[in-house]
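Student: After the structure tokens below, expect a handful of questions from me.
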Amino acid sequence: FKKNRERIIVSEIPYQVNKARLIEKIADLVKDKRIDGISDIRDESDRKGMRIVIEIKRDSNANIVLNNLYKYTQLETTFGIINLALVDGIPKVLTLKELIKYYIDHQK
């Protein structure tokens with residue numbers, strides 16, 4: 001490990017994002033010079049959990065690199081959901097609060 005270097009540590013990735021493909025995509029972006037400021041990327045995952053370490057170059061700003069990672073990779077992903085459920089036999093779109101209430105009532 002190089003001391004006095006900033007690093008970005010990724011401990012969670014979004015739902016349905018493949019870790020190996022994410023690391024590969026970051027490496028490709030660095031190679032193609034779309035993202036500047038990354039000196040090394042390592043997968044330190046083990047049985048205890050996921051851990052991706054991204055070493056930042058000495059003269060680079062970690063926040064800018066992180067924003068670029070969010071912009072060009074699947075490190076930040078959004079997807080829509082529709083909370084459609086049967087309430088007393090009638091299909092109904094529910095808010096999160098209503099969904100939890102009906103679920104708890106169902107469990108009783």
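Chain identifiers are assigned as A, B, and so on, following the order in which chains appear in the structure tokens; residues are numbered from 1 within each chain, and ligands are numbered from 1 in order of appearance.
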Just want the 10 Å neighbourhood of Val10 (chain A), counted on only C-alpha atoms, with same-chain residues fewer than 3 positions away dropped. Output as a VMD selection string.

Tutor: chain A and resid 7 13 43 50 to 54 75

Student: So that I can check the secondary structure, give me every residue of chain A assigned alpha helix (DSSP H) by backbone DSSP, as an NGL selection string.

Tutor: :A and (19-31 or 62-72 or 96-107)

Student: If you run DSSP on the backbone, which residues of chain A are strand (DSSP E or B), as a tab-separated table (two decimals) with N, CA, C and O atoms, in the first residue's frame?

Tutor:
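Result file selection-v9.tsv:
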chain	number	residue	atom	x	y	z
A	7	ARG	N	-7.96	7.29	-1.22
A	7	ARG	CA	-8.57	6.15	-1.91
A	7	ARG	C	-10.07	6.18	-1.71
A	7	ARG	O	-10.56	6.71	-0.72
A	8	ILE	N	-10.75	5.61	-2.68
A	8	ILE	CA	-12.20	5.45	-2.60
A	8	ILE	C	-12.44	3.98	-2.33
A	8	ILE	O	-11.93	3.12	-3.05
A	9	ILE	N	-13.20	3.70	-1.28
A	9	ILE	CA	-13.51	2.32	-0.93
A	9	ILE	C	-15.00	2.08	-1.16
A	9	ILE	O	-15.84	2.76	-0.59
A	10	VAL	N	-15.29	1.12	-2.03
A	10	VAL	CA	-16.67	0.77	-2.37
A	10	VAL	C	-17.02	-0.49	-1.59
A	10	VAL	O	-16.39	-1.52	-1.77
A	38	ILE	N	-7.19	7.99	-11.42
A	38	ILE	CA	-7.13	6.69	-10.75
A	38	ILE	C	-5.79	6.05	-11.06
A	38	ILE	O	-5.41	5.90	-12.22
A	39	SER	N	-5.05	5.69	-10.01
A	39	SER	CA	-3.75	5.06	-10.21
A	39	SER	C	-3.83	3.54	-10.12
A	39	SER	O	-3.04	2.83	-10.72
A	40	ASP	N	-4.81	3.02	-9.35
A	40	ASP	CA	-4.91	1.56	-9.19
A	40	ASP	C	-6.32	1.20	-8.74
A	40	ASP	O	-6.98	2.00	-8.07
A	41	ILE	N	-6.76	0.01	-9.10
A	41	ILE	CA	-8.04	-0.50	-8.64
A	41	ILE	C	-7.85	-1.95	-8.23
A	41	ILE	O	-7.23	-2.73	-8.96
A	42	ARG	N	-8.34	-2.29	-7.03
A	42	ARG	CA	-8.18	-3.65	-6.50
A	42	ARG	C	-9.49	-4.16	-5.96
A	42	ARG	O	-10.27	-3.43	-5.36
A	43	ASP	N	-9.70	-5.46	-6.15
A	43	ASP	CA	-10.86	-6.14	-5.57
A	43	ASP	C	-10.37	-6.87	-4.33
A	43	ASP	O	-9.65	-7.86	-4.43
A	46	ASP	N	-13.88	-10.59	0.19
A	46	ASP	CA	-13.67	-11.91	0.77
A	46	ASP	C	-14.99	-12.41	1.33
A	46	ASP	O	-16.05	-11.87	1.03
A	49	GLY	N	-17.25	-9.77	3.16
A	49	GLY	CA	-17.99	-8.73	2.46
A	49	GLY	C	-17.28	-8.26	1.22
A	49	GLY	O	-16.17	-8.68	0.91
A	52	ILE	N	-14.06	-2.89	-2.87
A	52	ILE	CA	-13.30	-2.48	-4.04
A	52	ILE	C	-12.52	-1.23	-3.64
A	52	ILE	O	-13.12	-0.27	-3.14
A	53	VAL	N	-11.20	-1.25	-3.80
A	53	VAL	CA	-10.36	-0.12	-3.43
A	53	VAL	C	-9.87	0.57	-4.70
A	53	VAL	O	-9.30	-0.07	-5.58
A	54	ILE	N	-10.15	1.86	-4.80
A	54	ILE	CA	-9.72	2.66	-5.95
A	54	ILE	C	-8.72	3.68	-5.45
A	54	ILE	O	-9.07	4.57	-4.68
A	55	GLU	N	-7.44	3.52	-5.85
A	55	GLU	CA	-6.38	4.43	-5.43
A	55	GLU	C	-6.43	5.68	-6.31
A	55	GLU	O	-6.53	5.59	-7.53
A	56	ILE	N	-6.34	6.84	-5.68
A	56	ILE	CA	-6.39	8.13	-6.38
A	56	ILE	C	-4.97	8.64	-6.58
A	56	ILE	O	-4.13	8.53	-5.68
A	84	LEU	N	-47.90	-2.29	-6.75
A	84	LEU	CA	-49.24	-2.77	-7.06
A	84	LEU	C	-49.52	-4.01	-6.22
A	84	LEU	O	-48.73	-4.95	-6.23
A	85	ALA	N	-50.61	-3.98	-5.47
A	85	ALA	CA	-50.95	-5.12	-4.62
A	85	ALA	C	-52.46	-5.31	-4.59
A	85	ALA	O	-53.23	-4.40	-4.92
A	86	LEU	N	-52.87	-6.52	-4.21
A	86	LEU	CA	-54.29	-6.80	-4.04
A	86	LEU	C	-54.70	-6.42	-2.63
A	86	LEU	O	-54.17	-6.94	-1.66
A	87	VAL	N	-55.62	-5.48	-2.51
A	87	VAL	CA	-56.16	-5.07	-1.21
A	87	VAL	C	-57.62	-5.48	-1.21
A	87	VAL	O	-58.42	-4.94	-1.98
A	90	ILE	N	-58.91	-6.36	-4.60
A	90	ILE	CA	-58.93	-5.30	-5.61
A	90	ILE	C	-57.49	-4.81	-5.85
A	90	ILE	O	-56.80	-4.46	-4.89
A	91	PRO	N	-57.02	-4.80	-7.11
A	91	PRO	CA	-55.68	-4.28	-7.38
A	91	PRO	C	-55.60	-2.79	-7.07
A	91	PRO	O	-56.48	-2.03	-7.44
A	92	LYS	N	-54.54	-2.39	-6.35
A	92	LYS	CA	-54.41	-1.00	-5.94
A	92	LYS	C	-52.93	-0.63	-5.89
A	92	LYS	O	-52.10	-1.43	-5.45
A	93	VAL	N	-52.58	0.57	-6.35
A	93	VAL	CA	-51.22	1.08	-6.25
A	93	VAL	C	-51.07	1.73	-4.87
A	93	VAL	O	-51.85	2.60	-4.52

Student: Would you pick out the contacts of His106 (chain A) at 12 Å or less, using only C-alpha atoms, so that residues sharing its chain but fewer than 3 positions from it are not included, and give the list as a PyMOL selection string?

Tutor: chain A and resi 86-88+99-103

Student: Take the residues from that selection and put them in a file with N, CA and C atoms, as a JSON list (two decimals), in the first residue's frame.

Tutor:
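Output contents, as saved in part07.json:
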[["chain", "number", "residue", "atom", "x", "y", "z"],
["A", 86, "LEU", "N", -52.87, -6.52, -4.21],
["A", 86, "LEU", "CA", -54.29, -6.80, -4.04],
["A", 86, "LEU", "C", -54.70, -6.42, -2.63],
["A", 87, "VAL", "N", -55.62, -5.48, -2.51],
["A", 87, "VAL", "CA", -56.16, -5.07, -1.21],
["A", 87, "VAL", "C", -57.62, -5.48, -1.21],
["A", 88, "ASP", "N", -57.96, -6.46, -0.37],
["A", 88, "ASP", "CA", -59.33, -7.01, -0.30],
["A", 88, "ASP", "C", -59.80, -7.47, -1.69],
["A", 99, "LEU", "N", -48.13, 0.05, 1.92],
["A", 99, "LEU", "CA", -47.62, -1.28, 1.61],
["A", 99, "LEU", "C", -47.16, -1.99, 2.88],
["A", 100, "ILE", "N", -46.41, -1.29, 3.73],
["A", 100, "ILE", "CA", -45.94, -1.87, 4.99],
["A", 100, "ILE", "C", -47.11, -2.16, 5.92],
["A", 101, "LYS", "N", -48.08, -1.25, 6.00],
["A", 101, "LYS", "CA", -49.25, -1.45, 6.87],
["A", 101, "LYS", "C", -50.01, -2.71, 6.46],
["A", 102, "TYR", "N", -50.31, -2.84, 5.15],
["A", 102, "TYR", "CA", -51.06, -4.01, 4.69],
["A", 102, "TYR", "C", -50.26, -5.30, 4.87],
["A", 103, "TYR", "N", -48.94, -5.22, 4.72],
["A", 103, "TYR", "CA", -48.09, -6.40, 4.92],
["A", 103, "TYR", "C", -48.14, -6.85, 6.39]]

Student: Just the residues within 10 Å of Asp36 (chain A), please, counting only C-alpha atoms, with nothing from its chain fewer than 2 positions along; format it as a ChimeraX atom specification.

Tutor: /A:29-34,38-39,56-57,60-61,64-65,68
